[in-house]
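Shown here: start_24.cif, mmCIF, C-alpha atoms.
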data_start
loop_
_atom_site.label_atom_id
_atom_site.label_comp_id
_atom_site.auth_asym_id
_atom_site.auth_seq_id
_atom_site.Cartn_x
_atom_site.Cartn_y
_atom_site.Cartn_z
CA HIS P 1 -19.30 103.63 170.15
CA GLY P 2 -18.65 103.36 166.43
CA GLY P 3 -15.81 101.52 164.72
CA GLY P 4 -12.50 102.98 165.82
CA GLY P 5 -14.17 104.77 168.72
CA THR P 6 -14.28 104.38 172.50
CA GLY P 7 -16.75 104.68 175.32
CA ALA P 8 -15.11 107.93 176.40
CA GLY P 9 -15.42 109.16 172.83
CA MET P 10 -19.19 108.59 172.99
CA VAL P 11 -19.40 111.01 175.89
CA GLU P 12 -17.62 113.60 173.76
CA LEU P 13 -19.70 112.87 170.65
CA THR P 14 -22.98 113.25 172.55
CA ARG P 15 -21.71 116.35 174.39
CA GLY P 16 -22.31 114.57 177.71
CA GLY P 17 -26.04 114.48 177.05
CA PHE P 18 -26.65 111.13 178.70
CA HIS P 19 -24.63 112.20 181.75
CA VAL P 20 -26.95 115.17 182.29
CA LEU P 21 -30.08 113.08 181.74
CA ALA P 22 -28.87 110.25 184.00
CA ASP P 23 -28.34 112.66 186.89
CA ARG P 24 -31.72 114.32 186.36
CA GLU P 25 -33.82 111.23 185.57
CA ARG P 26 -31.99 108.84 187.91
CA PHE P 27 -30.86 106.11 185.55
CA LEU P 28 -27.52 104.37 185.04
CA VAL P 29 -25.53 104.94 181.85
CA VAL P 30 -22.61 102.72 180.84
CA TYR P 31 -20.09 103.22 178.00
CA PRO P 32 -18.35 99.89 177.26
CA ASP P 33 -15.25 99.56 175.07
CA ALA P 34 -14.98 96.95 172.29
CA VAL P 35 -11.92 94.83 171.55
CA GLU P 36 -9.54 96.96 169.47
CA GLN P 37 -12.33 99.56 169.13
CA HIS P 38 -14.65 97.43 166.97
CA TRP P 39 -17.77 95.40 167.78
CA ASN P 40 -18.60 92.04 166.23
CA ASP P 41 -22.04 93.09 165.02
CA GLY P 42 -22.42 89.97 162.84
CA ARG P 43 -21.78 91.86 159.60
CA GLU P 44 -20.85 89.71 156.62
CA GLY P 45 -17.49 90.82 155.26
CA GLY P 46 -16.44 92.70 158.38
CA THR P 47 -12.67 93.13 158.47
CA SER P 48 -11.93 93.99 162.12
CA LEU P 49 -10.36 91.59 164.62
CA ALA P 50 -13.75 91.32 166.35
CA HIS P 51 -15.30 90.07 163.11
CA ARG P 52 -12.40 87.83 162.08
CA GLU P 53 -12.12 86.17 165.50
CA ARG P 54 -15.90 86.12 166.06
CA ILE P 55 -15.60 87.89 169.39
CA ASP P 56 -18.65 87.17 171.57
CA ASP P 57 -19.77 90.76 172.08
CA VAL P 58 -23.34 89.72 172.83
CA GLY P 59 -21.99 87.69 175.74
CA PHE P 60 -19.71 90.57 176.74
CA LEU P 61 -22.60 93.05 176.90
CA GLU P 62 -24.65 90.56 178.91
CA ALA P 63 -21.72 90.38 181.34
CA VAL P 64 -21.59 94.18 181.51
CA VAL P 65 -25.26 94.30 182.53
CA ALA P 66 -24.69 91.56 185.12
CA ALA P 67 -21.68 93.41 186.56
CA VAL P 68 -23.63 96.66 186.89
CA ALA P 69 -26.60 94.82 188.40
CA SER P 70 -24.32 93.22 190.99
CA ALA P 71 -23.27 96.66 192.23
CA HIS P 72 -26.48 98.66 191.78
CA PRO P 73 -30.23 98.05 191.87
CA VAL P 74 -31.19 97.44 188.23
CA ASP P 75 -34.70 96.96 186.87
CA ARG P 76 -34.10 94.14 184.38
CA GLY P 77 -37.20 95.14 182.44
CA ARG P 78 -35.66 98.54 181.73
CA VAL P 79 -32.28 97.75 180.18
CA PHE P 80 -31.65 99.48 176.84
CA ALA P 81 -28.91 99.75 174.22
CA CYS P 82 -28.00 102.47 171.77
CA GLY P 83 -25.01 103.34 169.63
CA ILE P 84 -23.74 104.94 166.46
CA SER P 85 -22.46 103.21 163.31
CA ASN P 86 -20.75 99.92 164.34
CA GLY P 87 -22.35 100.46 167.77
CA ALA P 88 -25.75 100.90 166.14
CA MET P 89 -25.32 97.62 164.25
CA MET P 90 -24.27 95.96 167.51
CA SER P 91 -27.48 97.26 169.08
CA HIS P 92 -29.46 95.57 166.29
CA ARG P 93 -27.66 92.29 166.92
CA LEU P 94 -28.17 92.51 170.68
CA GLY P 95 -31.90 93.15 170.23
CA LEU P 96 -32.26 90.26 167.79
CA GLU P 97 -30.30 87.71 169.82
CA ARG P 98 -31.13 88.79 173.37
CA PRO P 99 -34.64 90.30 173.46
CA ASP P 100 -34.82 89.05 177.04
CA LEU P 101 -31.90 91.34 177.93
CA VAL P 102 -32.90 94.64 176.27
CA ALA P 103 -36.42 96.06 176.09
CA ALA P 104 -35.56 98.63 173.42
CA ILE P 105 -32.69 99.77 171.20
CA ALA P 106 -31.81 103.03 169.49
CA PRO P 107 -29.39 102.57 166.55
CA VAL P 108 -28.07 105.82 165.04
CA ALA P 109 -26.43 105.89 161.58
CA GLY P 110 -26.33 102.12 161.37
CA ALA P 111 -28.84 99.79 159.71
CA MET P 112 -29.19 96.06 160.36
CA PRO P 113 -26.15 94.07 159.16
CA ALA P 114 -26.94 91.76 156.25
CA GLY P 115 -27.47 88.16 157.29
CA ILE P 116 -28.42 88.54 160.97
CA GLY P 117 -32.16 89.24 160.84
CA SER P 118 -33.54 85.86 159.79
CA GLY P 119 -34.22 84.35 163.21
CA ALA P 120 -37.38 84.77 165.24
CA VAL P 121 -37.59 87.18 168.17
CA GLY P 122 -39.65 85.89 171.08
CA LEU P 123 -40.16 89.04 173.13
CA PRO P 124 -40.92 92.29 171.30
CA VAL P 125 -38.07 94.82 171.21
CA SER P 126 -38.94 98.46 170.56
CA VAL P 127 -36.68 100.20 168.06
CA LEU P 128 -35.93 103.88 167.47
CA ALA P 129 -33.68 104.13 164.39
CA ILE P 130 -32.15 107.39 163.15
CA SER P 131 -30.58 107.44 159.68
CA GLY P 132 -29.39 110.18 157.33
CA THR P 133 -30.36 109.76 153.68
CA ASP P 134 -26.96 111.16 152.60
CA ASP P 135 -24.84 109.06 154.97
CA PRO P 136 -21.55 108.56 153.06
CA LEU P 137 -20.35 105.63 155.23
CA VAL P 138 -23.43 103.50 155.90
CA PRO P 139 -25.71 103.92 152.87
CA TYR P 140 -29.37 104.65 153.60
CA GLU P 141 -30.36 102.42 150.67
CA GLY P 142 -28.21 99.56 151.95
CA GLY P 143 -25.12 97.92 150.48
CA ASP P 144 -21.44 98.16 151.30
CA VAL P 145 -20.31 100.00 154.40
CA HIS P 146 -17.14 101.86 153.53
CA PHE P 147 -14.61 104.38 154.75
CA ALA P 148 -12.61 106.06 152.01
CA ARG P 149 -12.27 103.24 149.45
CA LYS P 150 -12.23 100.35 151.91
CA LYS P 151 -15.32 98.12 152.01
CA LEU P 152 -16.32 96.99 155.50
CA GLY P 153 -19.18 94.54 155.00
CA ARG P 154 -22.82 94.98 154.02
CA VAL P 155 -25.99 96.34 155.63
CA LEU P 156 -29.66 96.31 154.73
CA SER P 157 -31.39 99.55 153.80
CA ALA P 158 -32.97 101.67 156.52
CA ARG P 159 -36.44 100.82 155.22
CA GLU P 160 -35.74 97.07 155.02
CA THR P 161 -34.47 97.27 158.59
CA LEU P 162 -37.73 98.98 159.54
CA ARG P 163 -39.73 96.25 157.77
CA ILE P 164 -37.91 93.38 159.50
CA TRP P 165 -38.28 94.85 162.98
CA SER P 166 -41.95 95.67 162.27
CA GLU P 167 -42.57 92.08 161.22
CA LYS P 168 -40.86 90.67 164.30
CA ASN P 169 -42.86 92.95 166.59
CA GLY P 170 -46.17 92.34 164.82
CA CYS P 171 -46.59 95.99 163.85
CA ALA P 172 -49.44 97.39 161.79
CA ALA P 173 -48.92 99.87 158.95
CA GLY P 174 -47.24 103.04 160.09
CA GLU P 175 -48.00 106.72 160.06
CA VAL P 176 -45.55 109.32 158.77
CA GLU P 177 -44.92 112.80 160.17
CA HIS P 178 -42.95 115.31 158.10
CA SER P 179 -41.10 118.35 159.40
CA GLU P 180 -39.28 120.87 157.25
CA GLY P 181 -35.74 121.96 157.99
CA GLY P 182 -35.00 124.49 160.66
CA GLY P 183 -31.72 126.32 161.00
CA ASP P 184 -29.84 123.18 159.96
CA GLY P 185 -31.79 122.96 156.69
CA LEU P 186 -32.52 119.23 157.14
CA ALA P 187 -36.05 117.84 156.84
CA VAL P 188 -37.13 114.83 158.88
CA ASP P 189 -39.71 112.10 158.14
CA VAL P 190 -40.77 110.10 161.20
CA GLU P 191 -42.54 106.78 160.59
CA ARG P 192 -44.11 105.06 163.60
CA ARG P 193 -45.42 101.52 163.69
CA ARG P 194 -47.10 100.11 166.79
CA GLY P 195 -46.68 96.43 167.65
CA ARG P 196 -47.63 93.82 170.20
CA GLU P 197 -47.33 94.29 173.95
CA GLY P 198 -46.91 98.05 173.60
CA SER P 199 -43.82 97.81 171.40
CA GLU P 200 -43.07 100.38 168.74
CA VAL P 201 -40.75 100.64 165.74
CA VAL P 202 -39.81 104.18 164.67
CA LEU P 203 -37.60 105.44 161.84
CA TYR P 204 -36.29 109.01 161.79
CA ALA P 205 -35.19 109.54 158.19
CA VAL P 206 -33.11 112.72 158.07
CA ALA P 207 -33.21 114.06 154.51
CA GLY P 208 -29.71 115.24 153.68
CA GLY P 209 -28.33 114.02 157.01
CA GLY P 210 -24.97 112.29 157.31
CA HIS P 211 -23.12 109.81 159.51
CA THR P 212 -23.75 111.87 162.62
CA TRP P 213 -25.46 112.04 166.02
CA PRO P 214 -28.43 114.48 166.23
CA GLY P 215 -27.37 117.46 168.30
CA GLY P 216 -23.91 115.94 168.71
CA LYS P 217 -20.39 116.96 167.84
CA GLN P 218 -19.42 117.37 164.18
CA TYR P 219 -16.46 115.08 164.80
CA LEU P 220 -15.13 115.18 161.23
CA PRO P 221 -15.68 117.66 158.36
CA GLU P 222 -18.99 117.53 156.45
CA LEU P 223 -17.05 116.50 153.35
CA LEU P 224 -16.23 113.17 155.07
CA ILE P 225 -19.29 112.39 157.22
CA GLY P 226 -22.08 114.69 156.05
CA LYS P 227 -24.33 117.06 157.95
CA THR P 228 -25.49 116.93 161.58
CA LEU P 229 -29.16 117.43 162.49
CA ARG P 230 -28.92 120.32 164.94
CA ARG P 231 -32.47 121.04 166.06
CA VAL P 232 -32.99 117.57 167.59
CA ASP P 233 -31.36 116.48 170.86
CA GLY P 234 -30.51 112.86 170.10
CA CYS P 235 -29.88 111.90 173.73
CA GLY P 236 -33.16 113.43 174.92
CA LEU P 237 -35.11 111.83 172.08
CA ILE P 238 -33.64 108.39 172.82
CA TRP P 239 -34.18 108.60 176.56
CA LYS P 240 -37.83 109.63 176.11
CA PHE P 241 -38.33 106.61 173.82
CA PHE P 242 -36.63 104.25 176.28
CA GLU P 243 -38.60 105.66 179.21
CA GLU P 244 -41.83 104.85 177.37
CA HIS P 245 -40.85 101.34 176.27
CA GLY P 246 -39.69 99.41 179.30
CA ARG P 247 -41.34 96.11 180.15
CA LYS P 248 -42.20 94.29 183.34
CA ALA P 249 -39.21 92.31 184.55
CA PRO P 250 -39.73 88.51 184.65
#
Could you take the file, read its structure, and then write that structure out as structure tokens?
Amino acid sequence: HGGGGTGAGMVELTRGGFHVLADRERFLVVYPDAVEQHWNDGREGGTSLAHRERIDDVGFLEAVVAAVASAHPVDRGRVFACGISNGAMMSHRLGLERPDLVAAIAPVAGAMPAGIGSGAVGLPVSVLAISGTDDPLVPYEGGDVHFARKKLGRVLSARETLRIWSEKNGCAAGEVEHSEGGGDGLAVDVERRRGREGSEVVLYAVAGGGHTWPGGKQYLPELLIGKTLRRVDGCGLIWKFFEEHGRKAP
């Protein structure tokens, strides 16, 4: 979930899309809650309790996976993370710090926090990133995250995030697909870069898109969060990517 959100709120935001897919495709979906509704995504200048107290959310999410695996059969080579906003940034951090835990991540409306991408990643981690070019909270071109007039730390640009993940995964130059707007009037550029061991780094750049989940609920007015890409089912897109990018468990 994003900053100020909850796991239950993610179900509402995504219109229960992962619930439907989990029942049909036979996978487990988990919606954890952060301390006081904010994740410590490693962002410099973050103001939440999680940031101030340096809450170990990487360790917490590892414990969540372990708890689920103790109760259900879990293929450890097919554990994935996705989220929106603060949850997207947390997904970046989890992939960077624990590539042995997650095979792929799907951050939506949240680029890599500034200052966390300098370390090496041993195992490749596939990345599907979705960002709106007109996101009023997390700027596509990078810089200060903000809500109203309050600054909430800094992020890299969507393209710099793409470059860093491509470098870590040993990706070659990418190919770009362009699709014009449908009924929602938003065009989409999809850049794909293929890396080592079958990994892939993909950026969906939604021209005119806001701080929203594709196909999800318009949870606040467009004036505050921008437009939602309607013709793409975000949950379905993410699950298809995850399904194609598992790895053999150790």
- Message: Neighbouring residues of Trp39 of chain P were defined as those with any atom within 10 Å, considering only C-alpha atoms; residues of the same chain fewer than 2 positions away were excluded. Please report them as a list of chain:residue names.
- Response: P:His1, P:Gly2, P:Gly3, P:Gly4, P:Asp33, P:Ala34, P:Val35, P:Glu36, P:Gln37, P:Asp41, P:Gly42, P:Arg43, P:Gly46, P:Ser48, P:Leu49, P:Ala50, P:His51, P:Arg54, P:Ile55, P:Asp56, P:Asp57, P:Val58, P:Asn86, P:Gly87, P:Ala88, P:Met89, P:Met90, P:Ser91
Check: Can you list, as number ranges by chain, every protein, DNA or RNA residue that comes within 12 Å of Gly185 of chain P when you count all atoms listed in the file, leaving out same-chain residues fewer than 6 positions away?
Finding: P: 179, 206-209, 227-231
Selection to disk with C-alpha atoms, as a compact mmCIF listing (two decimals), in the frame of the given file:
# COMPACT_ATOMS: atom_id res chain seq x y z
CA SER P 179 -41.10 118.35 159.40
CA VAL P 206 -33.11 112.72 158.07
CA ALA P 207 -33.21 114.06 154.51
CA GLY P 208 -29.71 115.24 153.68
CA GLY P 209 -28.33 114.02 157.01
CA LYS P 227 -24.33 117.06 157.95
CA THR P 228 -25.49 116.93 161.58
CA LEU P 229 -29.16 117.43 162.49
CA ARG P 230 -28.92 120.32 164.94
CA ARG P 231 -32.47 121.04 166.06
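Atom CA of Arg194 of chain P lies 13.5 Å from atom CA of Ile164 of chain P.
The shortest atom-to-atom distance to Thr212 of chain P, with only C-alpha atoms taken into account, belongs to P:Pro107 out of P:Gly7, P:Pro99, P:Pro107, P:Pro124.
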Atom pair atom CA of Gly122 of chain P + atom CA of Leu162 of chain P, distance 17.6 Å
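Between Ala103 of chain P and the residues P:Arg154, P:His245, P:His211, P:Arg15, the shortest atom-to-atom distance, using all atoms listed in the file, involves P:His245.
Each of P:Asn169, P:Glu244, P:Val108, P:Ser157 was compared to Thr14 of chain P using all atoms listed in the file, and P:Val108 turns out to be the nearest.
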One decimal place gives the atom CA of Cys171 of chain P-atom CA of Glu191 of chain P separation as 12.0 Å
Using only C-alpha atoms, the shortest atom-to-atom distance to Ala81 of chain P among P:Arg26, P:Lys248, P:Arg149, P:Arg98 belongs to P:Arg98
Around all of segment 185-202 of chain P's listed atoms, make the axis-aligned box with 5 Å on each side and tell me centre and edge lengths in Å to one decimal, as lines of an AutoDock Vina configuration file.
center_x = -39.7
center_y = 108.4
center_z = 165.3
size_x = 25.8
size_y = 39.1
size_z = 27.3
Residues picked by the PyMOL selection byres ((chain P and resi 112) around 7) here, as a PyMOL selection string?
chain P and resi 89+92+110-111+113-114+155-156+161
Run the PyMOL selection byres ((chain P and resi 201) around 9) mentally over the shown coordinates, then write out the matched residues as a short mmCIF file (atom, residue, chain, number, x, y, z; two decimals) with C-alpha atoms, in the frame of the given file, using the chain letters and numbers from the document.
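The resulting selection02.cif:
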data_model
loop_
_atom_site.label_atom_id
_atom_site.label_comp_id
_atom_site.auth_asym_id
_atom_site.auth_seq_id
_atom_site.Cartn_x
_atom_site.Cartn_y
_atom_site.Cartn_z
CA VAL P 125 -38.07 94.82 171.21
CA SER P 126 -38.94 98.46 170.56
CA VAL P 127 -36.68 100.20 168.06
CA LEU P 128 -35.93 103.88 167.47
CA ALA P 129 -33.68 104.13 164.39
CA LEU P 162 -37.73 98.98 159.54
CA TRP P 165 -38.28 94.85 162.98
CA SER P 166 -41.95 95.67 162.27
CA ASN P 169 -42.86 92.95 166.59
CA CYS P 171 -46.59 95.99 163.85
CA GLY P 174 -47.24 103.04 160.09
CA GLU P 191 -42.54 106.78 160.59
CA ARG P 192 -44.11 105.06 163.60
CA ARG P 193 -45.42 101.52 163.69
CA ARG P 194 -47.10 100.11 166.79
CA GLY P 195 -46.68 96.43 167.65
CA SER P 199 -43.82 97.81 171.40
CA GLU P 200 -43.07 100.38 168.74
CA VAL P 202 -39.81 104.18 164.67
CA LEU P 203 -37.60 105.44 161.84
#
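For the residues P:Gly83, P:Gly246, P:Phe241, P:Arg52, ranking by smallest atom-to-atom distance to Val11 of chain P using only C-alpha atoms places P:Gly83 first.
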Selecting all heavy atoms, how would segment 36-47 of chain P from this structure be written as a compact mmCIF listing (two decimals), in the first residue's frame?
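Dumped to result28.txt:
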# COMPACT_ATOMS: atom_id res chain seq x y z
N GLU P 36 2.16 2.42 11.31
CA GLU P 36 1.52 3.73 11.14
C GLU P 36 1.33 4.09 9.66
O GLU P 36 1.44 5.24 9.25
CB GLU P 36 2.30 4.83 11.87
CG GLU P 36 2.24 4.68 13.38
CD GLU P 36 2.68 5.93 14.13
OE1 GLU P 36 3.12 6.91 13.49
OE2 GLU P 36 2.57 5.92 15.37
N GLN P 37 1.07 3.06 8.84
CA GLN P 37 0.65 3.21 7.44
C GLN P 37 1.74 3.76 6.52
O GLN P 37 1.44 4.24 5.42
CB GLN P 37 -0.60 4.10 7.35
CG GLN P 37 -1.78 3.55 8.15
CD GLN P 37 -3.01 4.42 8.07
OE1 GLN P 37 -2.92 5.64 8.19
NE2 GLN P 37 -4.15 3.81 7.86
N HIS P 38 3.00 3.63 6.91
CA HIS P 38 4.10 4.08 6.06
C HIS P 38 5.25 3.07 6.10
O HIS P 38 5.60 2.58 7.18
CB HIS P 38 4.64 5.45 6.48
CG HIS P 38 3.69 6.57 6.20
ND1 HIS P 38 2.66 6.90 7.06
CD2 HIS P 38 3.61 7.43 5.15
CE1 HIS P 38 1.99 7.94 6.56
NE2 HIS P 38 2.55 8.26 5.41
N TRP P 39 5.84 2.81 4.93
CA TRP P 39 6.98 1.91 4.83
C TRP P 39 8.29 2.70 4.90
O TRP P 39 8.39 3.81 4.36
CB TRP P 39 6.95 1.17 3.48
CG TRP P 39 5.71 0.38 3.25
CD1 TRP P 39 4.65 0.72 2.46
CD2 TRP P 39 5.38 -0.89 3.82
NE1 TRP P 39 3.68 -0.26 2.50
CE2 TRP P 39 4.11 -1.27 3.33
CE3 TRP P 39 6.05 -1.75 4.70
CZ2 TRP P 39 3.49 -2.46 3.68
CZ3 TRP P 39 5.43 -2.94 5.06
CH2 TRP P 39 4.17 -3.28 4.55
N ASN P 40 9.30 2.10 5.50
CA ASN P 40 10.64 2.65 5.45
C ASN P 40 11.30 2.16 4.16
O ASN P 40 11.97 1.13 4.14
CB ASN P 40 11.47 2.24 6.66
CG ASN P 40 12.90 2.75 6.56
OD1 ASN P 40 13.22 3.62 5.76
ND2 ASN P 40 13.78 2.18 7.37
N ASP P 41 11.11 2.92 3.10
CA ASP P 41 11.62 2.54 1.78
C ASP P 41 13.05 3.01 1.55
O ASP P 41 13.60 2.86 0.46
CB ASP P 41 10.72 3.10 0.68
CG ASP P 41 10.45 4.59 0.84
OD1 ASP P 41 11.30 5.30 1.40
OD2 ASP P 41 9.37 5.05 0.40
N GLY P 42 13.69 3.60 2.59
CA GLY P 42 15.06 4.06 2.47
C GLY P 42 15.19 5.46 1.89
O GLY P 42 16.31 5.93 1.66
N ARG P 43 14.09 6.14 1.70
CA ARG P 43 14.10 7.47 1.10
C ARG P 43 14.82 8.49 1.98
O ARG P 43 14.56 8.58 3.17
CB ARG P 43 12.64 7.92 0.91
CG ARG P 43 12.41 8.94 -0.19
CD ARG P 43 10.95 9.31 -0.25
NE ARG P 43 10.06 8.20 0.12
CZ ARG P 43 8.82 8.37 0.55
NH1 ARG P 43 8.32 9.59 0.68
NH2 ARG P 43 8.08 7.32 0.84
N GLU P 44 15.72 9.26 1.39
CA GLU P 44 16.36 10.34 2.12
C GLU P 44 15.36 11.47 2.34
O GLU P 44 14.69 11.90 1.43
CB GLU P 44 17.57 10.85 1.33
CG GLU P 44 18.68 9.83 1.16
CD GLU P 44 19.81 10.34 0.29
OE1 GLU P 44 19.64 11.44 -0.30
OE2 GLU P 44 20.82 9.66 0.18
N GLY P 45 15.24 11.92 3.57
CA GLY P 45 14.31 13.01 3.86
C GLY P 45 12.90 12.56 4.15
O GLY P 45 12.00 13.39 4.27
N GLY P 46 12.69 11.24 4.27
CA GLY P 46 11.36 10.75 4.63
C GLY P 46 10.97 11.22 6.02
O GLY P 46 11.82 11.27 6.93
N THR P 47 9.71 11.57 6.21
CA THR P 47 9.29 12.18 7.47
C THR P 47 8.45 11.27 8.36
O THR P 47 8.14 11.63 9.49
CB THR P 47 8.47 13.46 7.19
OG1 THR P 47 7.31 13.11 6.42
CG2 THR P 47 9.31 14.47 6.42
